[in-house]
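What follows is a set of notes on a single structure, which appears directly below.
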Amino acid sequence: MEKAHKPKKVFVQGPISPDFVAKSIASHQSKTGIGAHAIFLGQIRADQKEGGAVTGIDYTAYEEMAEQAFHDIREAAFTKFELTCMHIYHSLGLVPTGEISLFVFVSSPHRRAAFEASEYIVEEIKANVPIFGKEMVGEAGQHVWKENT
Amino acid sequence: MEKAHKPKKVFVQGPISPDFVAKSIASHQSKTGIGAHAIFLGQIRADQKEGGAVTGIDYTAYEEMAEQAFHDIREAAFTKFELTCMHIYHSLGLVPTGEISLFVFVSSPHRRAAFEASEYIVEEIKANVPIFGKEMVGEAGQHVWKENT
Amino acid sequence: MLAEIAGLSDEVWNEAGGLTVGQFRAQMLDKYPAMRDKKFKIAVNQKISDDFVLIETPAEIALLPPFAGG
Amino acid sequence: MLAEIAGLSDEVWNEAGGLTVGQFRAQMLDKYPAMRDKKFKIAVNQKISDDFVLIETPAEIALLPPFAGG
């Protein structure tokens with residue numbers, strides 16, 4: 001296992017800002033073996049529910065298990081795909097509608113590995129990381145538990 | 001054909017900055033039907049050639065035909081995939097190693113369409129848009145013409 | 001959401017030993033019948049576990065509602 | 001890169017008419033033999049065209065080296 005694959009902090013409190021994404025991109029410009037970056041951003045939709053539109057999602061996680069799951073996904077992705085870098089960030093706490101709760105960033109010499117890794121990582125996160133989301137609905141403080149499909 | 005699909009300016013002079021990417025992301029936070037953004041960034045690699053490492057690529061295009069090709073790719077992608085937004089930017093002129101020359105940004109209610117459209121658009125651009133790249137090599141001003149594979 | 005049913009988020013389950021995941025599930029649904037309507041997986045020491053797995057004690061057992069990351 | 005061989009980037013090709021893309025290609029390779037080593041496609045009025053296509057005059061003909069976008 002390379003030094004670069006050590007466990008990394010994934011969870012951030014609240015939404016992920018576009019500026020944070022920009023800083024992450026900029027920090028890769030010195031890595032001149034990279035030819036392709038694939039970025040996935042999950043944004044909170046204002047879905048209509050009984051009781052009104054979703055105004056945000058309040059995320060919690062079974063944190064220790066989730067960190068381990070993220071670590072396993074990272075290791076598997078580095079094994080499966082020819083990647084130079086991989087970064088995953090996920091929000092905890094309230095993320096309002098229109099803001100970003102998931103940021104997956106993979107970089108590779110060539111586009112194919114970047115595309116494939118990006119999809120793989122997002123699907124793995126959705127299926128296998130114990131993160132829970134309370135969709136806040138309407139004005140009255142109602143909520144609905146979100147479930148990935 | 002919707003109003004949103006009118007021809008858009010694709011070419012930008014010189015590299016595409018991370019800050020420009022951030023501004024593009026931020027401008028989509030009011031579109032609360034979006035659940036997934038997929039972003040592809042092409043970055044210039046310092047490949048080793050006879051004569052030294054690539055220091056940058058000088059891009060030119062058969063511009064009028066290229067703009068039409070980009071337009072056709074946009075239309076096809078909007079037809080094939082359930083997309084809320086699509087933006088494509090490509091550099092002309094010199095883009096130094098480590099900087100970004102292609103920015104493809106698609107947004108959709110759901111991740112599957114975003115992933116598929118992102119790949120489709122990048123592959124179409126590489127295969128069908130008349131853009132030419134002179135790879136600048138070493139100190140002496142040598143160059144090699146780039147060819148997509 | 002499961003904590004909302006049980007009215008608490010941590011609970012100590014005393015058992016002499018030899019309980020499988022499936023047996024634990026059955027005991028818990030007896031105690032909290034409203035959970036029968038809920039989907040959840042059981043993690044033992046932070047690993048999702050099948051019903052036939054024997055729970056070593058002490059163990060950290062977690063009921064995990066459907067995942068919603070992303 | 002093709003302009004480097006021809007020494008110019010625009011040229012008027014006079015032809016009475018009835019030239020196909022394939023015939024045009026042959027005439028051009030006669031004039032600039034060094035282009036035989038180069039890969040290129042021919043676009044007529046900004047559409048990549050097959051050799052059998054008849055060129056309507058006047059037409060904008062472009063020799064396109066391999067694409068390198070991205």
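Residues are referred to by chain and number: the chain letter is A, B, ... according to the order shown in the structure tokens, the number counts from 1 in that chain, and ligands are numbered separately from 1 in the order shown.
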**Q.** stretch 40-57 of chain B environment, 7 Å, only C-alpha atoms, sequence neighbours closer than 4 positions dropped, as JSON, numbers by chain
**A.** {"A": [32, 33, 34, 35, 36, 37, 38, 39], "B": [94, 95, 96, 97, 98, 99, 100, 101, 102, 103, 104, 105, 118, 133, 134, 135, 136, 137, 138], "D": [70]}
Give me, as an mmCIF file with N, CA, C and O atoms, in the first residue's frame, the contact residues of chain C against chain A at a cut-off of 6 Å, counting only C-alpha atoms.
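Result written to part-v4.cif:
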data_model
loop_
_atom_site.group_PDB
_atom_site.id
_atom_site.type_symbol
_atom_site.label_atom_id
_atom_site.label_comp_id
_atom_site.auth_asym_id
_atom_site.auth_seq_id
_atom_site.Cartn_x
_atom_site.Cartn_y
_atom_site.Cartn_z
ATOM 1 N N GLN C 46 -19.333 -3.282 13.213
ATOM 2 C CA GLN C 46 -19.183 -2.467 12.009
ATOM 3 C C GLN C 46 -19.038 -3.259 10.716
ATOM 4 O O GLN C 46 -18.502 -2.756 9.728
ATOM 5 N N PRO C 66 -31.872 2.298 5.657
ATOM 6 C CA PRO C 66 -31.363 2.391 4.283
ATOM 7 C C PRO C 66 -30.362 3.540 4.145
ATOM 8 O O PRO C 66 -30.545 4.600 4.725
ATOM 9 N N PHE C 67 -29.331 3.296 3.346
ATOM 10 C CA PHE C 67 -28.288 4.301 3.174
ATOM 11 C C PHE C 67 -28.786 5.401 2.241
ATOM 12 O O PHE C 67 -29.563 5.173 1.320
ATOM 13 N N ALA C 68 -28.294 6.608 2.478
ATOM 14 C CA ALA C 68 -28.777 7.763 1.712
ATOM 15 C C ALA C 68 -27.638 8.705 1.347
ATOM 16 O O ALA C 68 -27.845 9.886 1.092
ATOM 17 N N GLY C 69 -26.418 8.183 1.307
ATOM 18 C CA GLY C 69 -25.280 9.039 0.961
ATOM 19 C C GLY C 69 -25.350 9.518 -0.479
ATOM 20 O O GLY C 69 -25.972 8.886 -1.319
ATOM 21 N N GLY C 70 -24.704 10.637 -0.728
ATOM 22 C CA GLY C 70 -24.626 11.125 -2.107
ATOM 23 C C GLY C 70 -25.392 12.403 -2.321
ATOM 24 O O GLY C 70 -26.060 12.888 -1.440
#
Using only C-alpha atoms, can you tell me which of B:Val12, B:Ile73, B:Val106, B:Ile25 comes closest to chain A?
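Of B:Val12, B:Ile73, B:Val106, B:Ile25, the one nearest chain A is B:Ile25, counting only C-alpha atoms.
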* Asked: Which one of B:Arg74, B:His28, B:Lys80, B:His143 sits closest to chain A if you count only C-alpha atoms?
  ->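 So, comparing all the options, the nearest one is B:His28.
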Can you pull out every residue from stretch 6-147 of chain A that DSSP, working from the backbone, puts in alpha helix (DSSP H), and format the result as a PyMOL selection string?
chain A and resi 18-26+63-80+111-128
Note to self: List as number ranges by chain the protein and nucleic acid residues near stretch 57-64 of chain D, meaning an atom at most 10 Å away when only C-alpha atoms are counted, but skip any in the same chain fewer than 2 places from it.
What the structure shows: B: 61-62, 130-132; D: 1-3, 9-19, 21, 24-25, 39-49, 54-55, 66-67
Subject >> chain D: residues DSSP assigns to strand (DSSP E or B), reported as a VMD selection string >> reply: chain D and resid 20 41 to 44 47 to 48 54 61 to 64
Write out, as a PDB file, in the first residue's frame, the residues just selected, with N, CA, C and O atoms.
ATOM      1  N   THR D  20     -14.449  14.811 -58.240  1.00  0.00           N
ATOM      2  CA  THR D  20     -14.866  14.179 -56.978  1.00  0.00           C
ATOM      3  C   THR D  20     -13.806  14.433 -55.912  1.00  0.00           C
ATOM      4  O   THR D  20     -12.687  14.859 -56.225  1.00  0.00           O
ATOM      5  N   LYS D  41      -8.108  14.143 -43.443  1.00  0.00           N
ATOM      6  CA  LYS D  41      -9.432  13.970 -44.013  1.00  0.00           C
ATOM      7  C   LYS D  41      -9.749  15.215 -44.824  1.00  0.00           C
ATOM      8  O   LYS D  41      -9.169  16.286 -44.594  1.00  0.00           O
ATOM      9  N   ILE D  42     -10.670  15.073 -45.760  1.00  0.00           N
ATOM     10  CA  ILE D  42     -11.057  16.214 -46.588  1.00  0.00           C
ATOM     11  C   ILE D  42     -12.481  16.637 -46.216  1.00  0.00           C
ATOM     12  O   ILE D  42     -13.388  15.803 -46.194  1.00  0.00           O
ATOM     13  N   ALA D  43     -12.626  17.918 -45.895  1.00  0.00           N
ATOM     14  CA  ALA D  43     -13.956  18.470 -45.626  1.00  0.00           C
ATOM     15  C   ALA D  43     -14.345  19.386 -46.778  1.00  0.00           C
ATOM     16  O   ALA D  43     -13.552  20.229 -47.204  1.00  0.00           O
ATOM     17  N   VAL D  44     -15.531  19.166 -47.305  1.00  0.00           N
ATOM     18  CA  VAL D  44     -16.069  20.020 -48.358  1.00  0.00           C
ATOM     19  C   VAL D  44     -17.199  20.833 -47.741  1.00  0.00           C
ATOM     20  O   VAL D  44     -18.146  20.253 -47.195  1.00  0.00           O
ATOM     21  N   LYS D  47     -18.024  19.758 -44.218  1.00  0.00           N
ATOM     22  CA  LYS D  47     -18.491  18.396 -43.921  1.00  0.00           C
ATOM     23  C   LYS D  47     -17.411  17.422 -44.391  1.00  0.00           C
ATOM     24  O   LYS D  47     -16.971  17.495 -45.544  1.00  0.00           O
ATOM     25  N   ILE D  48     -17.024  16.502 -43.500  1.00  0.00           N
ATOM     26  CA  ILE D  48     -16.085  15.447 -43.891  1.00  0.00           C
ATOM     27  C   ILE D  48     -16.729  14.663 -45.029  1.00  0.00           C
ATOM     28  O   ILE D  48     -17.891  14.269 -44.930  1.00  0.00           O
ATOM     29  N   LEU D  54     -19.100  14.213 -55.280  1.00  0.00           N
ATOM     30  CA  LEU D  54     -18.807  15.203 -56.313  1.00  0.00           C
ATOM     31  C   LEU D  54     -18.749  16.586 -55.658  1.00  0.00           C
ATOM     32  O   LEU D  54     -19.633  16.949 -54.890  1.00  0.00           O
ATOM     33  N   ILE D  61     -12.853  23.815 -49.516  1.00  0.00           N
ATOM     34  CA  ILE D  61     -12.275  22.488 -49.258  1.00  0.00           C
ATOM     35  C   ILE D  61     -11.203  22.631 -48.195  1.00  0.00           C
ATOM     36  O   ILE D  61     -10.355  23.522 -48.277  1.00  0.00           O
ATOM     37  N   ALA D  62     -11.243  21.775 -47.186  1.00  0.00           N
ATOM     38  CA  ALA D  62     -10.238  21.858 -46.127  1.00  0.00           C
ATOM     39  C   ALA D  62      -9.591  20.501 -45.923  1.00  0.00           C
ATOM     40  O   ALA D  62     -10.266  19.471 -45.956  1.00  0.00           O
ATOM     41  N   LEU D  63      -8.283  20.503 -45.767  1.00  0.00           N
ATOM     42  CA  LEU D  63      -7.563  19.281 -45.419  1.00  0.00           C
ATOM     43  C   LEU D  63      -7.392  19.283 -43.912  1.00  0.00           C
ATOM     44  O   LEU D  63      -6.798  20.204 -43.352  1.00  0.00           O
ATOM     45  N   LEU D  64      -7.931  18.266 -43.266  1.00  0.00           N
ATOM     46  CA  LEU D  64      -7.936  18.253 -41.806  1.00  0.00           C
ATOM     47  C   LEU D  64      -6.976  17.193 -41.278  1.00  0.00           C
ATOM     48  O   LEU D  64      -7.192  16.003 -41.473  1.00  0.00           O
TER      49      LEU D  64
END
Min atom-atom distance to chain B from the set A:Gly93, A:Pro15, A:Pro109, A:Gly141, counting only C-alpha atoms, belongs to A:Pro109
| Closest to chain B among A:Thr84, A:Ser24, A:Ser17, A:Gln29, using only C-alpha atoms? |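 Selected residue with least distance to chain B: A:Gln29.
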For each of B:Ile121, B:Ala26, B:Ala77, B:Cys85, take the minimum atom-to-atom distance to chain A, counting only C-alpha atoms, then give the residue where this is smallest.
->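 With only C-alpha atoms as the atom set, the closest residue is B:Ala26.
The spacing separating atom CA of B:Ala140 from atom CA of D:Pro65 amounts to 24.0 Å.
Between atom CA of D:Val53 and atom CA of D:Ala34 the separation is 24.3 Å.
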